[in-house]
file data.txt (compact mmCIF, C-alpha atoms)
# COMPACT_ATOMS: atom_id res chain seq x y z
CA MET A 285 -7.39 11.58 -44.02
CA THR A 286 -6.61 11.60 -40.31
CA THR A 287 -6.95 8.93 -37.69
CA THR A 288 -7.51 9.52 -34.01
CA THR A 289 -6.43 7.25 -31.19
CA LYS A 290 -8.61 7.32 -28.13
CA ALA A 291 -6.66 8.39 -25.04
CA ARG A 292 -6.09 5.65 -22.50
CA ALA A 293 -8.05 5.92 -19.26
CA ALA A 294 -7.89 4.15 -15.90
CA CYS A 295 -10.10 4.47 -12.87
CA LEU A 296 -10.36 3.92 -9.14
CA ILE A 297 -13.10 1.53 -8.06
CA GLY A 298 -14.33 1.95 -4.50
CA TRP A 299 -17.36 2.49 -2.27
CA PRO A 300 -17.01 5.21 -1.16
CA ALA A 301 -14.03 6.56 -3.12
CA ALA A 302 -14.32 10.35 -3.20
CA HIS A 303 -11.60 10.81 -0.57
CA SER A 304 -8.89 9.18 -2.71
CA ARG A 305 -5.73 11.09 -3.72
CA SER A 306 -5.08 8.68 -6.60
CA PRO A 307 -6.46 11.06 -9.28
CA LEU A 308 -4.12 13.80 -8.05
CA ILE A 309 -1.13 11.45 -8.30
CA HIS A 310 -1.92 10.00 -11.72
CA HIS A 311 -2.92 13.31 -13.30
CA TYR A 312 0.41 14.75 -12.15
CA TRP A 313 2.28 11.93 -13.89
CA LEU A 314 0.18 12.18 -17.06
CA ARG A 315 0.88 15.90 -17.21
CA THR A 316 4.61 15.76 -16.45
CA LEU A 317 5.23 12.85 -18.83
CA GLY A 318 3.17 14.45 -21.60
CA ILE A 319 0.81 11.48 -21.92
CA GLU A 320 -2.69 11.98 -23.21
CA GLY A 321 -4.78 9.96 -20.81
CA GLY A 322 -7.24 10.06 -17.96
CA TYR A 323 -7.90 8.75 -14.48
CA VAL A 324 -11.30 9.01 -12.82
CA ILE A 325 -13.09 7.84 -9.68
CA GLU A 326 -15.86 5.29 -10.12
CA ALA A 327 -18.02 4.82 -7.02
CA VAL A 328 -19.29 1.26 -7.44
CA PRO A 329 -21.57 -0.33 -4.81
CA PRO A 330 -20.78 -3.95 -3.90
CA ASP A 331 -23.79 -5.36 -5.75
CA ASP A 332 -22.56 -3.80 -9.01
CA LEU A 333 -18.88 -4.72 -8.72
CA LYS A 334 -18.89 -7.94 -10.76
CA ASP A 335 -20.68 -6.35 -13.71
CA PHE A 336 -18.43 -3.28 -13.58
CA VAL A 337 -15.17 -5.26 -13.47
CA LEU A 338 -16.17 -7.75 -16.16
CA ARG A 339 -17.15 -4.86 -18.45
CA LEU A 340 -14.12 -2.73 -17.59
CA SER A 341 -12.76 -2.69 -21.13
CA LEU A 342 -16.18 -2.02 -22.65
CA ARG A 343 -16.44 1.01 -20.38
CA GLY A 344 -13.29 2.37 -22.00
CA PHE A 345 -10.77 1.57 -19.26
CA VAL A 346 -7.35 -0.06 -19.73
CA GLY A 347 -7.17 -0.88 -16.02
CA ALA A 348 -8.10 0.20 -12.54
CA ASN A 349 -7.11 0.64 -8.94
CA VAL A 350 -9.35 -1.10 -6.43
CA THR A 351 -9.93 0.12 -2.90
CA ILE A 352 -12.11 -0.71 0.09
CA PRO A 353 -14.33 -2.73 0.20
CA HIS A 354 -13.65 -4.43 -3.15
CA LYS A 355 -10.07 -5.73 -2.97
CA GLU A 356 -10.89 -9.33 -2.08
CA ARG A 357 -13.66 -9.70 -4.69
CA ALA A 358 -11.50 -8.08 -7.37
CA LEU A 359 -8.98 -10.86 -6.73
CA ALA A 360 -11.62 -13.49 -7.49
CA LEU A 361 -12.76 -11.71 -10.66
CA SER A 362 -9.27 -11.59 -12.21
CA LYS A 363 -6.08 -13.58 -12.76
CA PRO A 364 -3.93 -12.70 -9.72
CA ASP A 365 -0.15 -12.80 -9.59
CA ASP A 366 1.76 -14.35 -6.67
CA ARG A 367 1.69 -11.15 -4.62
CA ALA A 368 -2.05 -10.63 -4.92
CA ARG A 369 -2.68 -14.30 -4.16
CA ALA A 370 -0.42 -14.28 -1.09
CA VAL A 371 -1.89 -11.04 0.27
CA GLY A 372 -5.42 -12.22 -0.51
CA ALA A 373 -6.39 -8.93 -2.10
CA ALA A 374 -5.97 -7.06 -5.40
CA ASN A 375 -5.56 -3.30 -5.68
CA THR A 376 -4.50 -3.03 -9.34
CA LEU A 377 -6.14 -4.45 -12.48
CA TRP A 378 -4.83 -4.43 -16.07
CA PHE A 379 -5.23 -6.37 -19.28
CA ALA A 380 -2.58 -8.70 -20.71
CA ASP A 381 -3.34 -10.57 -23.95
CA GLY A 382 -7.00 -9.78 -23.46
CA GLU A 383 -7.11 -11.26 -19.94
CA LEU A 384 -7.88 -9.23 -16.82
CA CYS A 385 -4.90 -9.58 -14.48
CA SER A 386 -4.37 -8.33 -10.94
CA THR A 387 -1.63 -7.59 -8.44
CA ASN A 388 -1.20 -5.96 -5.06
CA THR A 389 1.13 -2.97 -5.27
CA ASP A 390 0.94 -2.31 -1.53
CA VAL A 391 3.83 -4.77 -1.28
CA GLU A 392 6.21 -2.83 -3.52
CA GLY A 393 4.81 0.47 -2.28
CA PHE A 394 5.90 -0.43 1.24
CA ILE A 395 9.28 -1.92 0.25
CA ASN A 396 10.23 0.80 -2.27
CA ASN A 397 9.31 3.52 0.22
CA LEU A 398 11.62 1.91 2.79
CA ASP A 399 14.41 1.74 0.21
CA ALA A 400 13.92 5.43 -0.60
CA SER A 401 13.61 6.59 3.01
CA ALA A 402 15.91 4.32 5.00
CA LEU A 403 18.50 2.63 2.82
CA GLY A 404 19.97 -0.41 4.56
CA TRP A 405 16.80 -1.19 6.52
CA ASP A 406 16.91 -4.76 5.26
CA LYS A 407 20.00 -5.49 7.34
CA ALA A 408 17.57 -6.07 10.20
CA GLU A 409 17.18 -9.69 11.25
CA ASP A 410 14.02 -9.10 13.29
CA ALA A 411 11.03 -6.99 12.29
CA LEU A 412 8.12 -6.15 14.58
CA VAL A 413 4.80 -5.61 12.79
CA LEU A 414 1.84 -4.16 14.67
CA GLY A 415 -1.58 -5.29 13.39
CA ALA A 416 -2.85 -8.29 11.45
CA GLY A 417 -5.21 -6.82 8.86
CA GLY A 418 -4.95 -6.54 5.09
CA SER A 419 -2.10 -4.03 5.18
CA ALA A 420 -0.13 -6.28 7.52
CA ARG A 421 -0.43 -9.13 5.01
CA ALA A 422 1.20 -7.00 2.31
CA VAL A 423 3.92 -5.84 4.71
CA VAL A 424 4.73 -9.36 5.94
CA PHE A 425 4.87 -10.72 2.38
CA GLY A 426 7.26 -7.94 1.37
CA LEU A 427 9.53 -8.46 4.38
CA LEU A 428 9.77 -12.21 3.82
CA GLU A 429 10.39 -11.72 0.10
CA ARG A 430 13.21 -9.30 0.95
CA GLY A 431 14.85 -11.86 3.24
CA ILE A 432 14.08 -10.66 6.77
CA ALA A 433 14.83 -13.65 9.01
CA ARG A 434 12.06 -13.23 11.61
CA VAL A 435 8.84 -11.23 11.55
CA HIS A 436 7.09 -10.83 14.90
CA LEU A 437 3.40 -10.15 14.33
CA VAL A 438 1.60 -8.48 17.21
CA ASN A 439 -2.16 -8.05 17.36
CA ARG A 440 -4.65 -7.41 20.15
CA THR A 441 -6.59 -10.45 18.93
CA ILE A 442 -3.99 -13.20 18.96
CA ASP A 443 -6.12 -15.54 16.84
CA ARG A 444 -5.86 -13.15 13.86
CA ALA A 445 -2.10 -12.98 14.25
CA ARG A 446 -1.88 -16.76 14.43
CA ALA A 447 -4.05 -17.19 11.35
CA LEU A 448 -1.92 -14.78 9.31
CA ALA A 449 1.32 -16.32 10.57
CA GLY A 450 0.02 -19.77 9.64
CA GLN A 451 -0.32 -18.67 6.03
CA PHE A 452 3.27 -17.39 5.80
CA GLY A 453 5.24 -20.09 7.58
CA ALA A 454 7.75 -20.51 10.36
CA ARG A 455 9.53 -17.16 9.91
CA VAL A 456 6.43 -15.31 11.15
CA HIS A 457 5.90 -15.40 14.91
CA PRO A 458 2.51 -14.32 16.34
CA ALA A 459 2.44 -12.54 19.69
CA THR A 460 0.05 -10.68 21.97
CA TRP A 461 0.23 -6.93 22.52
CA ASP A 462 1.66 -7.60 25.99
CA ALA A 463 4.82 -8.93 24.33
CA VAL A 464 5.69 -5.64 22.56
CA ASN A 465 8.12 -4.39 25.23
CA ASP A 466 10.00 -7.70 25.15
CA LEU A 467 10.29 -7.59 21.35
CA LEU A 468 11.28 -3.93 20.87
CA PRO A 469 14.96 -4.24 22.01
CA ARG A 470 15.76 -6.71 19.20
CA ALA A 471 13.61 -5.21 16.46
CA GLY A 472 15.65 -3.68 13.65
CA LEU A 473 12.42 -2.57 12.00
CA LEU A 474 9.14 -1.50 13.61
CA VAL A 475 6.06 -1.20 11.37
CA ASN A 476 2.65 0.14 12.39
CA THR A 477 -0.09 -1.21 10.11
CA THR A 478 -2.94 -0.32 12.51
CA SER A 479 -5.05 2.85 12.47
CA LEU A 480 -3.71 3.84 15.89
CA GLY A 481 -2.20 7.32 15.75
CA MET A 482 -4.45 8.39 12.87
CA HIS A 483 -6.53 11.56 13.24
CA GLY A 484 -9.63 10.64 15.25
CA GLN A 485 -8.17 7.34 16.49
CA PRO A 486 -6.58 6.44 19.83
CA ALA A 487 -2.85 6.98 20.23
CA LEU A 488 -0.35 4.22 19.55
CA GLU A 489 1.44 3.68 22.83
CA VAL A 490 4.80 2.19 21.96
CA ASP A 491 8.07 3.22 23.61
CA VAL A 492 10.51 3.75 20.71
CA GLY A 493 13.19 4.38 23.32
CA MET A 494 13.40 0.61 23.72
CA LEU A 495 14.41 0.09 20.08
CA PRO A 496 18.07 -0.32 19.05
CA GLN A 497 19.74 2.92 17.91
CA THR A 498 20.03 1.47 14.39
CA ALA A 499 16.32 0.61 14.13
CA VAL A 500 14.02 1.93 11.39
CA VAL A 501 10.41 2.92 12.13
CA ALA A 502 7.67 2.82 9.48
CA ASP A 503 4.06 3.97 9.87
CA LEU A 504 1.41 3.29 7.22
CA VAL A 505 -0.80 6.09 8.59
CA TYR A 506 -0.50 9.32 6.54
CA VAL A 507 -3.07 11.55 8.24
CA PRO A 508 -1.35 13.19 10.07
CA LEU A 509 1.73 13.24 7.85
CA VAL A 510 4.00 12.96 10.90
CA THR A 511 2.35 10.59 13.34
CA PRO A 512 3.28 10.62 17.04
CA LEU A 513 5.18 7.36 16.43
CA LEU A 514 7.30 8.90 13.66
CA ALA A 515 7.81 12.10 15.67
CA ALA A 516 9.12 10.11 18.64
CA ALA A 517 11.39 8.03 16.38
CA GLY A 518 12.71 11.15 14.65
CA ALA A 519 13.39 12.84 17.98
CA ARG A 520 15.56 9.87 18.89
CA GLY A 521 17.44 10.09 15.59
CA LEU A 522 16.02 6.90 14.09
CA LYS A 523 15.39 6.54 10.36
CA THR A 524 11.71 6.65 9.44
CA ALA A 525 9.39 5.88 6.51
CA ASP A 526 5.94 7.47 6.42
CA GLY A 527 2.57 6.44 5.05
CA LEU A 528 2.48 9.11 2.36
CA GLY A 529 5.65 7.71 0.82
CA MET A 530 4.05 4.28 0.63
CA LEU A 531 0.90 5.78 -0.95
CA LEU A 532 2.99 7.41 -3.68
CA HIS A 533 5.22 4.40 -4.37
CA GLN A 534 2.32 1.95 -4.55
CA ALA A 535 0.85 3.97 -7.44
CA VAL A 536 3.91 3.60 -9.69
CA ARG A 537 3.37 0.13 -11.13
CA GLY A 538 -0.28 0.63 -12.00
CA PHE A 539 0.56 3.76 -13.98
CA GLU A 540 3.31 1.91 -15.85
CA LEU A 541 1.00 -0.99 -16.70
CA TRP A 542 -1.75 1.30 -18.01
CA PHE A 543 0.19 4.08 -19.74
CA GLY A 544 3.47 2.40 -20.73
CA GLN A 545 5.93 4.65 -18.90
CA ARG A 546 7.36 4.21 -15.40
CA PRO A 547 6.81 7.43 -13.41
CA GLN A 548 9.00 8.80 -10.64
CA VAL A 549 8.05 9.71 -7.09
CA THR A 550 9.45 13.25 -6.90
CA SER A 551 9.63 15.88 -4.18
CA GLU A 552 7.29 18.01 -6.30
CA LEU A 553 4.64 15.27 -6.35
CA ARG A 554 4.99 14.70 -2.63
CA ALA A 555 4.59 18.43 -1.95
CA LEU A 556 1.47 18.50 -4.13
CA VAL A 557 -0.19 15.64 -2.23
CA GLU A 558 0.98 17.01 1.14
CA ALA A 559 -0.69 20.33 0.36
CA ASP A 560 -3.91 18.52 -0.51
CA LEU A 561 -3.81 16.45 2.67
CA THR A 562 -3.32 19.49 4.87
CA LYS A 563 -6.21 21.49 3.42
CA THR A 564 -8.68 22.56 6.07

call {"tool": "encode", "arguments": {"input": "data.txt", "output": "structure tokens"}}
result
Amino acid sequence: MTTTTKARAACLIGWPAAHSRSPLIHHYWLRTLGIEGGYVIEAVPPDDLKDFVLRLSLRGFVGANVTIPHKERALALSKPDDRARAVGAANTLWFADGELCSTNTDVEGFINNLDASALGWDKAEDALVLGAGGSARAVVFGLLERGIARVHLVNRTIDRARALAGQFGARVHPATWDAVNDLLPRAGLLVNTTSLGMHGQPALEVDVGMLPQTAVVADLVYVPLVTPLLAAAGARGLKTADGLGMLLHQAVRGFELWFGQRPQVTSELRALVEADLTKT
């Protein structure tokens, strides 16, 4: 008599979701770790999200990633941890004691990528964050949690920057875009969370020559792999952290929660995803 155990499976919930590299990342880890499991894309329209999430286990899934436009609603449909609650969005779902839990791994994806790419970055007292959207919320939370003394939050719409700063307290200082040149000389860390510099988007016009020589520059954009901002920072000899690194590192915890082993972000995995991103 033999018994069979159904392989664990996770999914990505989005609308649309076909562009995601998450299956490539998780299938690589399943293969290299010798785990029998699966990871698939589930394109779920907004009207169907609640039913899909509440029946996630019945559909055979042990958890899920959540992407645009579902992150905020996924938070409300689950039990969020402190990170998801502070960021106001959930990108990872899993079950604990039969309860659907959620977190936001963009926080650790950003922080762990900085640790891997620019060790010592957290010696900075002042960080300058460009943008005030969902990604900026994760970045600001991570910086405050790590102990950065002051986070200057710059956005073209100052009201959005003020609203975000108001949620995080006195260490976050909202500013208009006109203030960037005044803030750059004291910024030990510069982070772009906007879409500026992405393929098909306007350029990000920031003079990295005004940063201290010890500054670190991070860009959440990963198409192109080397953005003009990172190219300019590299040409000046500054340490950099790119968007692809964050994408890879943010996937680690979800995989561990679903499949029980903590995977590694390796040069082989990065090369695999790089090759996929640069396909024409």

call {"tool": "residues_around", "arguments": {"input": "data.txt", "residues": "Lys290 (chain A)", "least_positions_apart": "2", "cutoff": "12 Å", "atoms": "all atoms listed in the file", "output": "ChimeraX atom specification"}}
result
/A:287-288,292-293,320-322,344-346

call {"tool": "residues_around", "arguments": {"input": "data.txt", "residues": "Lys334 (chain A)", "least_positions_apart": "3", "cutoff": "12 Å", "atoms": "only C-alpha atoms", "output": "VMD selection string"}}
result
chain A and resid 297 328 to 331 337 to 340 354 to 362

call {"tool": "write_last_selection", "arguments": {"input": "data.txt", "atoms": "C-alpha atoms", "output": "tab-separated table (two decimals), in the frame of the given file"}}
result
chain	number	residue	atom	x	y	z
A	297	ILE	CA	-13.10	1.53	-8.06
A	328	VAL	CA	-19.29	1.26	-7.44
A	329	PRO	CA	-21.57	-0.33	-4.81
A	330	PRO	CA	-20.78	-3.95	-3.90
A	331	ASP	CA	-23.79	-5.36	-5.75
A	337	VAL	CA	-15.17	-5.26	-13.47
A	338	LEU	CA	-16.17	-7.75	-16.16
A	339	ARG	CA	-17.15	-4.86	-18.45
A	340	LEU	CA	-14.12	-2.73	-17.59
A	354	HIS	CA	-13.65	-4.43	-3.15
A	355	LYS	CA	-10.07	-5.73	-2.97
A	356	GLU	CA	-10.89	-9.33	-2.08
A	357	ARG	CA	-13.66	-9.70	-4.69
A	358	ALA	CA	-11.50	-8.08	-7.37
A	359	LEU	CA	-8.98	-10.86	-6.73
A	360	ALA	CA	-11.62	-13.49	-7.49
A	361	LEU	CA	-12.76	-11.71	-10.66
A	362	SER	CA	-9.27	-11.59	-12.21

call {"tool": "atom_distance", "arguments": {"input": "data.txt", "atom1": "CA of Cys385 (chain A)", "atom2": "CA of Ala373 (chain A)"}}
result
12.5 Å

call {"tool": "atom_distance", "arguments": {"input": "data.txt", "atom1": "CA of Leu384 (chain A)", "atom2": "CA of Ile352 (chain A)"}}
result
19.4 Å

call {"tool": "atom_distance", "arguments": {"input": "data.txt", "atom1": "CA of Val391 (chain A)", "atom2": "CA of Val371 (chain A)"}}
result
8.6 Å

call {"tool": "closest_atom_pairs", "arguments": {"input": "data.txt", "of": "region 335-428 of chain A", "to": "region 439-443 of chain A", "cutoff": "10 Å", "atoms": "all atoms listed in the file", "output": "Markdown table"}}
result
| residue | atom | partner | partner_atom | distance |
| --- | --- | --- | --- | --- |
| A:Val413 | CA | A:Asn439 | CA | 8.7 |
| A:Leu414 | CA | A:Asn439 | CA | 6.2 |
| A:Gly415 | CA | A:Asn439 | CA | 4.9 |
| A:Ala416 | CA | A:Asn439 | CA | 6.0 |
| A:Gly417 | CA | A:Asn439 | CA | 9.1 |
